[in-house]
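Asker: Following this line is work-v6.cif, made up of mmCIF, C-alpha atoms:
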```cif
data_final
#
loop_
_atom_site.group_PDB
_atom_site.id
_atom_site.type_symbol
_atom_site.label_atom_id
_atom_site.label_comp_id
_atom_site.auth_asym_id
_atom_site.auth_seq_id
_atom_site.Cartn_x
_atom_site.Cartn_y
_atom_site.Cartn_z
ATOM 1 C CA MET A 299 -40.380 83.852 106.050
ATOM 2 C CA MET A 300 -42.650 85.921 103.856
ATOM 3 C CA ASP A 301 -45.623 87.599 105.506
ATOM 4 C CA HIS A 302 -48.183 88.070 102.747
ATOM 5 C CA SER A 303 -51.063 88.205 105.257
ATOM 6 C CA MET A 304 -52.419 84.760 104.345
ATOM 7 C CA GLY A 305 -50.729 82.197 106.499
ATOM 8 C CA ASN A 306 -50.419 80.631 109.876
ATOM 9 C CA LEU A 307 -47.122 82.431 110.298
ATOM 10 C CA ARG A 308 -46.562 81.863 113.999
ATOM 11 C CA SER A 309 -46.870 78.071 113.899
ATOM 12 C CA VAL A 310 -44.740 77.812 110.736
ATOM 13 C CA ALA A 311 -42.051 80.081 112.221
ATOM 14 C CA LYS A 312 -41.967 78.036 115.434
ATOM 15 C CA ALA A 313 -41.686 74.772 113.489
ATOM 16 C CA ILE A 314 -38.830 76.075 111.325
ATOM 17 C CA GLU A 315 -37.080 77.328 114.468
ATOM 18 C CA ALA A 316 -37.539 73.848 115.996
ATOM 19 C CA ALA A 317 -35.852 72.515 112.849
ATOM 20 C CA GLY A 318 -32.788 74.639 113.637
ATOM 21 C CA ALA A 319 -33.205 77.862 111.661
ATOM 22 C CA THR A 320 -33.381 81.483 112.719
ATOM 23 C CA VAL A 321 -36.639 82.892 111.347
ATOM 24 C CA VAL A 322 -37.475 86.466 110.425
ATOM 25 C CA VAL A 323 -41.108 87.058 109.471
ATOM 26 C CA THR A 324 -41.464 90.066 107.179
ATOM 27 C CA ALA A 325 -43.196 91.561 104.157
ATOM 28 C CA ASP A 326 -40.216 93.818 103.426
ATOM 29 C CA PRO A 327 -38.681 92.736 100.096
ATOM 30 C CA HIS A 328 -35.254 94.118 101.085
ATOM 31 C CA GLU A 329 -35.251 92.132 104.335
ATOM 32 C CA ILE A 330 -36.353 88.991 102.503
ATOM 33 C CA SER A 331 -33.650 89.458 99.842
ATOM 34 C CA ARG A 332 -30.972 89.318 102.564
ATOM 35 C CA SER A 333 -32.226 85.926 103.802
ATOM 36 C CA ASP A 334 -30.479 82.630 103.125
ATOM 37 C CA ALA A 335 -33.746 80.849 102.318
ATOM 38 C CA LEU A 336 -37.388 81.737 101.769
ATOM 39 C CA CYS A 337 -40.497 80.095 103.154
ATOM 40 C CA VAL A 338 -43.903 81.094 101.797
ATOM 41 C CA PRO A 339 -46.690 79.514 103.828
ATOM 42 C CA GLY A 340 -50.319 80.112 103.073
ATOM 43 C CA GLN A 341 -53.900 79.369 103.858
ATOM 44 C CA GLY A 342 -56.833 80.774 102.003
ATOM 45 C CA ILE A 343 -57.846 81.543 98.457
ATOM 46 C CA PHE A 344 -55.447 81.431 95.494
ATOM 47 C CA GLY A 345 -56.657 84.707 93.942
ATOM 48 C CA ARG A 346 -56.382 86.636 97.203
ATOM 49 C CA CYS A 347 -52.884 85.282 97.691
ATOM 50 C CA MET A 348 -51.830 86.390 94.200
ATOM 51 C CA THR A 349 -53.285 89.851 94.914
ATOM 52 C CA ALA A 350 -51.355 89.986 98.195
ATOM 53 C CA LEU A 351 -48.160 88.968 96.376
ATOM 54 C CA GLY A 352 -48.753 91.767 93.881
ATOM 55 C CA ARG A 353 -48.322 94.305 96.667
ATOM 56 C CA ASN A 354 -44.759 95.486 97.239
ATOM 57 C CA GLY A 355 -43.461 93.266 94.428
ATOM 58 C CA LEU A 356 -43.574 90.062 96.494
ATOM 59 C CA GLY A 357 -44.612 87.950 93.498
ATOM 60 C CA GLU A 358 -41.657 89.221 91.489
ATOM 61 C CA LEU A 359 -39.429 88.558 94.486
ATOM 62 C CA VAL A 360 -40.546 84.902 94.636
ATOM 63 C CA THR A 361 -40.046 84.539 90.877
ATOM 64 C CA GLY A 362 -36.554 86.036 91.033
ATOM 65 C CA TRP A 363 -35.728 83.951 94.087
ATOM 66 C CA VAL A 364 -36.617 80.658 92.417
ATOM 67 C CA GLU A 365 -35.020 81.642 89.094
ATOM 68 C CA ALA A 366 -31.782 82.383 90.997
ATOM 69 C CA GLU A 367 -32.067 78.864 92.470
ATOM 70 C CA ARG A 368 -32.158 80.078 96.050
ATOM 71 C CA PRO A 369 -33.733 77.691 98.617
ATOM 72 C CA TYR A 370 -37.543 77.999 98.579
ATOM 73 C CA LEU A 371 -40.090 76.253 100.807
ATOM 74 C CA GLY A 372 -43.741 76.588 99.836
ATOM 75 C CA ILE A 373 -46.403 75.300 102.206
ATOM 76 C CA CYS A 374 -49.975 74.694 100.989
ATOM 77 C CA LEU A 375 -50.887 77.911 99.138
ATOM 78 C CA GLY A 376 -47.131 78.649 98.996
ATOM 79 C CA MET A 377 -46.858 75.546 96.804
ATOM 80 C CA GLN A 378 -49.926 76.271 94.686
ATOM 81 C CA ILE A 379 -48.858 79.795 93.656
ATOM 82 C CA LEU A 380 -45.837 78.328 91.849
ATOM 83 C CA PHE A 381 -48.101 76.898 89.136
ATOM 84 C CA GLU A 382 -49.495 78.592 86.045
ATOM 85 C CA PHE A 383 -53.152 78.899 86.976
ATOM 86 C CA GLY A 384 -55.454 78.689 89.996
ATOM 87 C CA GLY A 385 -58.863 77.312 89.033
ATOM 88 C CA GLU A 386 -60.389 78.306 92.364
ATOM 89 C CA SER A 387 -60.209 81.979 91.433
ATOM 90 C CA GLY A 388 -59.522 81.827 87.705
ATOM 91 C CA VAL A 389 -56.278 83.723 88.305
ATOM 92 C CA ALA A 390 -52.795 83.241 86.877
ATOM 93 C CA GLY A 391 -50.154 81.941 89.256
ATOM 94 C CA LEU A 392 -46.449 82.695 89.119
ATOM 95 C CA GLY A 393 -45.911 80.145 86.346
ATOM 96 C CA LEU A 394 -42.660 78.800 87.770
ATOM 97 C CA LEU A 395 -43.957 75.246 87.377
ATOM 98 C CA GLY A 396 -46.110 73.907 84.563
ATOM 99 C CA GLY A 397 -49.647 72.945 85.474
ATOM 100 C CA GLN A 398 -52.669 74.284 87.253
ATOM 101 C CA VAL A 399 -54.408 74.082 90.603
ATOM 102 C CA THR A 400 -57.911 72.588 90.606
ATOM 103 C CA ARG A 401 -60.445 71.259 93.088
ATOM 104 C CA LEU A 402 -59.996 67.769 94.496
ATOM 105 C CA GLU A 403 -62.249 65.187 92.867
ATOM 106 C CA GLY A 404 -63.897 62.056 94.167
ATOM 107 C CA ASP A 405 -66.591 60.866 96.511
ATOM 108 C CA VAL A 406 -64.815 61.985 99.680
ATOM 109 C CA PRO A 407 -65.231 64.860 102.141
ATOM 110 C CA ILE A 408 -63.872 68.133 100.779
ATOM 111 C CA PRO A 409 -62.098 70.037 102.192
ATOM 112 C CA HIS A 410 -59.564 67.338 102.925
ATOM 113 C CA ILE A 411 -58.782 67.956 106.587
ATOM 114 C CA GLY A 412 -56.714 65.657 108.762
ATOM 115 C CA TRP A 413 -53.918 63.132 108.644
ATOM 116 C CA ASN A 414 -53.186 61.184 105.493
ATOM 117 C CA GLU A 415 -50.467 58.974 104.116
ATOM 118 C CA VAL A 416 -47.900 60.415 101.730
ATOM 119 C CA GLU A 417 -45.918 58.026 99.582
ATOM 120 C CA ALA A 418 -42.363 59.232 99.033
ATOM 121 C CA ASN A 419 -38.966 57.616 98.592
ATOM 122 C CA GLY A 420 -40.482 54.122 98.602
ATOM 123 C CA GLY A 421 -42.143 54.563 101.994
ATOM 124 C CA PHE A 422 -45.167 56.108 103.641
ATOM 125 C CA THR A 423 -45.383 58.927 106.178
ATOM 126 C CA TYR A 424 -48.446 60.601 107.691
ATOM 127 C CA PHE A 425 -48.815 64.358 107.357
ATOM 128 C CA TYR A 426 -51.590 66.813 108.199
ATOM 129 C CA PHE A 427 -53.668 68.283 105.348
ATOM 130 C CA ASP A 428 -56.197 71.129 105.185
ATOM 131 C CA HIS A 429 -57.147 71.952 101.568
ATOM 132 C CA SER A 430 -59.729 71.648 98.802
ATOM 133 C CA TYR A 431 -57.473 72.337 95.804
ATOM 134 C CA VAL A 432 -54.401 70.525 94.503
ATOM 135 C CA PRO A 433 -51.701 71.282 91.959
ATOM 136 C CA ARG A 434 -51.690 69.199 88.805
ATOM 137 C CA PRO A 435 -48.131 69.426 87.446
ATOM 138 C CA THR A 436 -47.615 68.904 83.738
ATOM 139 C CA ASP A 437 -44.386 67.041 84.621
ATOM 140 C CA ASP A 438 -44.756 64.285 87.237
ATOM 141 C CA ALA A 439 -40.953 64.248 87.594
ATOM 142 C CA VAL A 440 -41.230 67.257 89.943
ATOM 143 C CA VAL A 441 -43.488 65.314 92.328
ATOM 144 C CA SER A 442 -41.635 63.963 95.370
ATOM 145 C CA GLY A 443 -44.678 62.662 97.264
ATOM 146 C CA TRP A 444 -48.151 61.389 96.385
ATOM 147 C CA CYS A 445 -51.342 61.194 98.433
ATOM 148 C CA GLU A 446 -54.776 59.598 97.928
ATOM 149 C CA HIS A 447 -57.963 61.405 98.905
ATOM 150 C CA GLY A 448 -60.682 60.711 96.359
ATOM 151 C CA GLU A 449 -57.913 60.713 93.760
ATOM 152 C CA ARG A 450 -54.127 60.530 93.626
ATOM 153 C CA PHE A 451 -52.547 63.978 93.843
ATOM 154 C CA ALA A 452 -49.151 65.636 94.238
ATOM 155 C CA ALA A 453 -48.568 66.079 97.974
ATOM 156 C CA SER A 454 -45.041 67.434 97.626
ATOM 157 C CA ILE A 455 -42.749 68.866 94.979
ATOM 158 C CA SER A 456 -38.976 68.889 94.790
ATOM 159 C CA THR A 457 -37.207 70.397 91.819
ATOM 160 C CA GLY A 458 -34.160 72.643 91.605
ATOM 161 C CA SER A 459 -34.164 74.831 94.711
ATOM 162 C CA ILE A 460 -37.906 74.299 95.317
ATOM 163 C CA THR A 461 -39.293 72.204 98.131
ATOM 164 C CA ALA A 462 -43.052 72.502 98.448
ATOM 165 C CA THR A 463 -45.820 70.654 100.242
ATOM 166 C CA GLN A 464 -49.592 70.579 99.969
ATOM 167 C CA PHE A 465 -49.670 69.311 103.560
ATOM 168 C CA HIS A 466 -48.680 71.319 106.626
ATOM 169 C CA PRO A 467 -45.357 70.126 108.076
ATOM 170 C CA GLU A 468 -45.776 72.592 110.963
ATOM 171 C CA LYS A 469 -48.886 70.636 112.047
ATOM 172 C CA SER A 470 -47.441 67.194 111.325
ATOM 173 C CA GLY A 471 -45.558 66.415 114.536
ATOM 174 C CA ASP A 472 -42.117 64.824 114.474
ATOM 175 C CA ASP A 473 -42.318 63.836 110.809
ATOM 176 C CA GLY A 474 -43.107 67.428 109.846
ATOM 177 C CA ILE A 475 -40.181 68.746 111.899
ATOM 178 C CA SER A 476 -37.956 66.095 110.323
ATOM 179 C CA LEU A 477 -38.948 67.279 106.842
ATOM 180 C CA LEU A 478 -38.244 70.885 107.849
ATOM 181 C CA LYS A 479 -34.851 69.893 109.310
ATOM 182 C CA GLY A 480 -33.965 68.313 105.975
ATOM 183 C CA TRP A 481 -34.823 71.568 104.220
ATOM 184 C CA VAL A 482 -32.955 73.722 106.761
ATOM 185 C CA ASN A 483 -29.863 71.529 106.615
ATOM 186 C CA ALA A 484 -29.846 71.450 102.808
#
```
Rewrite the structure from the file as structure tokens, please.
Answerer:
Amino acid sequence: MMDHSMGNLRSVAKAIEAAGATVVVTADPHEISRSDALCVPGQGIFGRCMTALGRNGLGELVTGWVEAERPYLGICLGMQILFEFGGESGVAGLGLLGGQVTRLEGDVPIPHIGWNEVEANGGFTYFYFDHSYVPRPTDDAVVSGWCEHGERFAASISTGSITATQFHPEKSGDDGISLLKGWVNA
């Protein structure tokens, strides 16, 4: 798991371990490169995250990782950085997915904090959210789950080797662990 100084690393690491994986938390690109899979969690501001990824070549590492179709899990900010642009900070993202990240809209409390329904695979599951910004993919085909909070938005992405969630599976109880087990086992 990548330590870019902007995530709830301990709880994510524990959840991925509960899903059956051995987790190494590091900012060392060489250590990360030797891993079987990469998780990039994140909480905070898009621009600060992109600055943090610029240190030690971590942004280039993520880009190379995804381009090589190695298993990638992005959580919250780890999902948002995959897109072309972050409106919160007016900063370019990694551009691995088409679209941008903008503030949630609607007459609802923002930030969106708490449990909410995600529609995926013809069913509904509750996951825990804590965010004010959402990705707006140019291609809805990459969206694997949708959520409503003031507006309909992409709650999860699945394309190629990328699995990414706007919600926090590590804070989402059994359903979050189940999602993580699916990623670990894949």
Asker: Name all residues at most 12 Å from A:Ala439 (count only C-alpha atoms; drop same-chain ones fewer than 3 positions away) and give them as a list in words.
Answerer: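 That gives Leu395, Gly396, Arg434, Pro435, Thr436, Ser442, Gly443, Trp444, Ala452, Ser454, Ile455, Ser456, Thr457 and Gly458 of chain A.
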Asker: Evaluating the PyMOL selection byres ((chain A and resi 346-350) around 12) on the displayed file yields which residues, as an NGL selection string?
Answerer: :A and (300-305 or 325 or 338-345 or 351-358 or 360 or 374-384 or 386-393)
Asker: Out of A:Leu336, A:Ile314, A:Leu402, A:Ala453, which residue has the shortest atom-to-atom distance to A:Tyr424 when counting only C-alpha atoms?
Answerer: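 Of the candidates, the smallest distance to A:Tyr424 is held by A:Ala453.
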Asker: Leaving out A:Glu417 and any residue of its chain fewer than 2 positions from it, which residues lie within 8 Å of it when counting all atoms listed in the file, given as a VMD selection string?
Answerer: chain A and resid 415 419 to 423 443 to 445
Asker: Using only C-alpha atoms for the distances, tell me which of A:Ile330, A:Val364, A:Val440, A:Val432 is nearest to A:Ser459.
Answerer: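 Of all the options, A:Val364 lies closest to A:Ser459.
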Asker: So how far away is atom CA of A:Glu468 from atom CA of A:Pro409, in Å?
Answerer: 18.7 Å
Asker: Using all atoms listed in the file, find all polymer residues with an atom at most 9 Å away from the point (-36.1, 75.9, 102.8); report them as a PDB file with C-alpha atoms, in the frame of the given file.
Answerer:
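After the write, point21.pdb holds the following:
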```pdb
ATOM      1  CA  ILE A 314     -38.830  76.075 111.325  1.00  0.00           C
ATOM      2  CA  ASP A 334     -30.479  82.630 103.125  1.00  0.00           C
ATOM      3  CA  ALA A 335     -33.746  80.849 102.318  1.00  0.00           C
ATOM      4  CA  LEU A 336     -37.388  81.737 101.769  1.00  0.00           C
ATOM      5  CA  CYS A 337     -40.497  80.095 103.154  1.00  0.00           C
ATOM      6  CA  ARG A 368     -32.158  80.078  96.050  1.00  0.00           C
ATOM      7  CA  PRO A 369     -33.733  77.691  98.617  1.00  0.00           C
ATOM      8  CA  TYR A 370     -37.543  77.999  98.579  1.00  0.00           C
ATOM      9  CA  LEU A 371     -40.090  76.253 100.807  1.00  0.00           C
ATOM     10  CA  GLY A 372     -43.741  76.588  99.836  1.00  0.00           C
ATOM     11  CA  SER A 459     -34.164  74.831  94.711  1.00  0.00           C
ATOM     12  CA  ILE A 460     -37.906  74.299  95.317  1.00  0.00           C
ATOM     13  CA  THR A 461     -39.293  72.204  98.131  1.00  0.00           C
ATOM     14  CA  ALA A 462     -43.052  72.502  98.448  1.00  0.00           C
ATOM     15  CA  LEU A 478     -38.244  70.885 107.849  1.00  0.00           C
ATOM     16  CA  LYS A 479     -34.851  69.893 109.310  1.00  0.00           C
ATOM     17  CA  GLY A 480     -33.965  68.313 105.975  1.00  0.00           C
ATOM     18  CA  TRP A 481     -34.823  71.568 104.220  1.00  0.00           C
ATOM     19  CA  VAL A 482     -32.955  73.722 106.761  1.00  0.00           C
ATOM     20  CA  ASN A 483     -29.863  71.529 106.615  1.00  0.00           C
ATOM     21  CA  ALA A 484     -29.846  71.450 102.808  1.00  0.00           C
TER      22      ALA A 484
END
```
Asker: Quick one, how far is atom CA of A:Val399 from atom CA of A:Ser309?
Answerer: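 Between atom CA of A:Val399 and atom CA of A:Ser309 the gap works out to 24.8 Å.
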Asker: Just how far from atom CA of A:Ala317 is atom CA of A:Ile411, in Å to one decimal?
Answerer: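 Distance reported for this atom pair: 24.2 Å.
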Asker: To verify the selection step, state as number ranges by chain which residues the PyMOL selection byres ((chain A and resi 313) around 12) yields on this input.
Answerer: A: 299, 306-312, 314-321, 337, 339, 466-479, 481-482
Asker: Suppose a student applies the PyMOL selection byres ((chain A and resi 448) around 7) to this structure; what residues should they get, written as a list in words?
Answerer: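 Going through the file, the PyMOL selection byres ((chain A and resi 448) around 7) ends up selecting Glu403, Gly404, Asp405, Val406, Glu446, His447 and Glu449 of chain A.
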Asker: Could you give me the axis-aligned bounding box of stretch 347-357 of chain A, with 8 Å of padding per side, as centre plus edge lengths in Å to one decimal, as AutoDock Vina command-line options?
Answerer:
```
--center_x -48.4 --center_y 90.4 --center_z 95.8 --size_x 25.8 --size_y 26.2 --size_z 20.7
```
Asker: Of the residues A:Val416, A:Ala366, A:Ile408, A:Val322, which is the one nearest to A:Leu394, using only C-alpha atoms?
Answerer: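 With only C-alpha atoms as the atom set, the closest residue is A:Ala366.
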Asker: Rebuild stretch 450-476 of chain A to N, CA and C atoms - output it as a PDB file, in the coordinates of the input, please.
Answerer:
```
ATOM      1  N   ARG A 450     -55.567  60.401  93.352  1.00  0.00           N
ATOM      2  CA  ARG A 450     -54.127  60.530  93.626  1.00  0.00           C
ATOM      3  C   ARG A 450     -53.706  61.940  93.240  1.00  0.00           C
ATOM      4  N   PHE A 451     -52.986  62.618  94.144  1.00  0.00           N
ATOM      5  CA  PHE A 451     -52.547  63.978  93.843  1.00  0.00           C
ATOM      6  C   PHE A 451     -51.138  64.223  94.369  1.00  0.00           C
ATOM      7  N   ALA A 452     -50.507  65.257  93.833  1.00  0.00           N
ATOM      8  CA  ALA A 452     -49.151  65.636  94.238  1.00  0.00           C
ATOM      9  C   ALA A 452     -49.205  66.254  95.631  1.00  0.00           C
ATOM     10  N   ALA A 453     -48.596  65.587  96.591  1.00  0.00           N
ATOM     11  CA  ALA A 453     -48.568  66.079  97.974  1.00  0.00           C
ATOM     12  C   ALA A 453     -47.320  66.890  98.248  1.00  0.00           C
ATOM     13  N   SER A 454     -46.265  66.652  97.462  1.00  0.00           N
ATOM     14  CA  SER A 454     -45.041  67.434  97.626  1.00  0.00           C
ATOM     15  C   SER A 454     -44.286  67.504  96.297  1.00  0.00           C
ATOM     16  N   ILE A 455     -43.517  68.568  96.185  1.00  0.00           N
ATOM     17  CA  ILE A 455     -42.749  68.866  94.979  1.00  0.00           C
ATOM     18  C   ILE A 455     -41.300  69.091  95.393  1.00  0.00           C
ATOM     19  N   SER A 456     -40.397  68.606  94.584  1.00  0.00           N
ATOM     20  CA  SER A 456     -38.976  68.889  94.790  1.00  0.00           C
ATOM     21  C   SER A 456     -38.325  68.987  93.421  1.00  0.00           C
ATOM     22  N   THR A 457     -37.883  70.187  93.093  1.00  0.00           N
ATOM     23  CA  THR A 457     -37.207  70.397  91.819  1.00  0.00           C
ATOM     24  C   THR A 457     -36.326  71.629  91.937  1.00  0.00           C
ATOM     25  N   GLY A 458     -35.090  71.519  91.477  1.00  0.00           N
ATOM     26  CA  GLY A 458     -34.160  72.643  91.605  1.00  0.00           C
ATOM     27  C   GLY A 458     -34.049  73.061  93.059  1.00  0.00           C
ATOM     28  N   SER A 459     -34.253  74.325  93.333  1.00  0.00           N
ATOM     29  CA  SER A 459     -34.164  74.831  94.711  1.00  0.00           C
ATOM     30  C   SER A 459     -35.513  74.830  95.420  1.00  0.00           C
ATOM     31  N   ILE A 460     -36.549  74.288  94.759  1.00  0.00           N
ATOM     32  CA  ILE A 460     -37.906  74.299  95.317  1.00  0.00           C
ATOM     33  C   ILE A 460     -38.196  73.038  96.110  1.00  0.00           C
ATOM     34  N   THR A 461     -38.659  73.241  97.332  1.00  0.00           N
ATOM     35  CA  THR A 461     -39.293  72.204  98.131  1.00  0.00           C
ATOM     36  C   THR A 461     -40.671  72.759  98.458  1.00  0.00           C
ATOM     37  N   ALA A 462     -41.709  71.986  98.194  1.00  0.00           N
ATOM     38  CA  ALA A 462     -43.052  72.502  98.448  1.00  0.00           C
ATOM     39  C   ALA A 462     -43.972  71.361  98.842  1.00  0.00           C
ATOM     40  N   THR A 463     -44.895  71.665  99.749  1.00  0.00           N
ATOM     41  CA  THR A 463     -45.820  70.654 100.242  1.00  0.00           C
ATOM     42  C   THR A 463     -47.254  71.162 100.216  1.00  0.00           C
ATOM     43  N   GLN A 464     -48.174  70.265  99.850  1.00  0.00           N
ATOM     44  CA  GLN A 464     -49.592  70.579  99.969  1.00  0.00           C
ATOM     45  C   GLN A 464     -50.023  70.422 101.420  1.00  0.00           C
ATOM     46  N   PHE A 465     -49.380  69.528 102.139  1.00  0.00           N
ATOM     47  CA  PHE A 465     -49.670  69.311 103.560  1.00  0.00           C
ATOM     48  C   PHE A 465     -48.955  70.361 104.411  1.00  0.00           C
ATOM     49  N   HIS A 466     -49.245  70.345 105.690  1.00  0.00           N
ATOM     50  CA  HIS A 466     -48.680  71.319 106.626  1.00  0.00           C
ATOM     51  C   HIS A 466     -47.652  70.632 107.532  1.00  0.00           C
ATOM     52  N   PRO A 467     -46.358  70.755 107.216  1.00  0.00           N
ATOM     53  CA  PRO A 467     -45.357  70.126 108.076  1.00  0.00           C
ATOM     54  C   PRO A 467     -45.375  70.697 109.492  1.00  0.00           C
ATOM     55  N   GLU A 468     -45.740  71.966 109.636  1.00  0.00           N
ATOM     56  CA  GLU A 468     -45.776  72.592 110.963  1.00  0.00           C
ATOM     57  C   GLU A 468     -46.865  72.015 111.854  1.00  0.00           C
ATOM     58  N   LYS A 469     -47.803  71.271 111.282  1.00  0.00           N
ATOM     59  CA  LYS A 469     -48.886  70.636 112.047  1.00  0.00           C
ATOM     60  C   LYS A 469     -48.757  69.118 112.039  1.00  0.00           C
ATOM     61  N   SER A 470     -47.612  68.625 111.558  1.00  0.00           N
ATOM     62  CA  SER A 470     -47.441  67.194 111.325  1.00  0.00           C
ATOM     63  C   SER A 470     -46.483  66.525 112.296  1.00  0.00           C
ATOM     64  N   GLY A 471     -46.353  67.058 113.498  1.00  0.00           N
ATOM     65  CA  GLY A 471     -45.558  66.415 114.536  1.00  0.00           C
ATOM     66  C   GLY A 471     -44.104  66.204 114.154  1.00  0.00           C
ATOM     67  N   ASP A 472     -43.537  65.121 114.675  1.00  0.00           N
ATOM     68  CA  ASP A 472     -42.117  64.824 114.474  1.00  0.00           C
ATOM     69  C   ASP A 472     -41.743  64.654 113.005  1.00  0.00           C
ATOM     70  N   ASP A 473     -42.627  64.031 112.226  1.00  0.00           N
ATOM     71  CA  ASP A 473     -42.318  63.836 110.809  1.00  0.00           C
ATOM     72  C   ASP A 473     -42.273  65.170 110.063  1.00  0.00           C
ATOM     73  N   GLY A 474     -43.137  66.100 110.453  1.00  0.00           N
ATOM     74  CA  GLY A 474     -43.107  67.428 109.846  1.00  0.00           C
ATOM     75  C   GLY A 474     -41.827  68.172 110.198  1.00  0.00           C
ATOM     76  N   ILE A 475     -41.432  68.096 111.466  1.00  0.00           N
ATOM     77  CA  ILE A 475     -40.181  68.746 111.899  1.00  0.00           C
ATOM     78  C   ILE A 475     -38.991  68.102 111.195  1.00  0.00           C
ATOM     79  N   SER A 476     -39.031  66.796 111.023  1.00  0.00           N
ATOM     80  CA  SER A 476     -37.956  66.095 110.323  1.00  0.00           C
ATOM     81  C   SER A 476     -37.843  66.580 108.885  1.00  0.00           C
TER      82      SER A 476
END
```
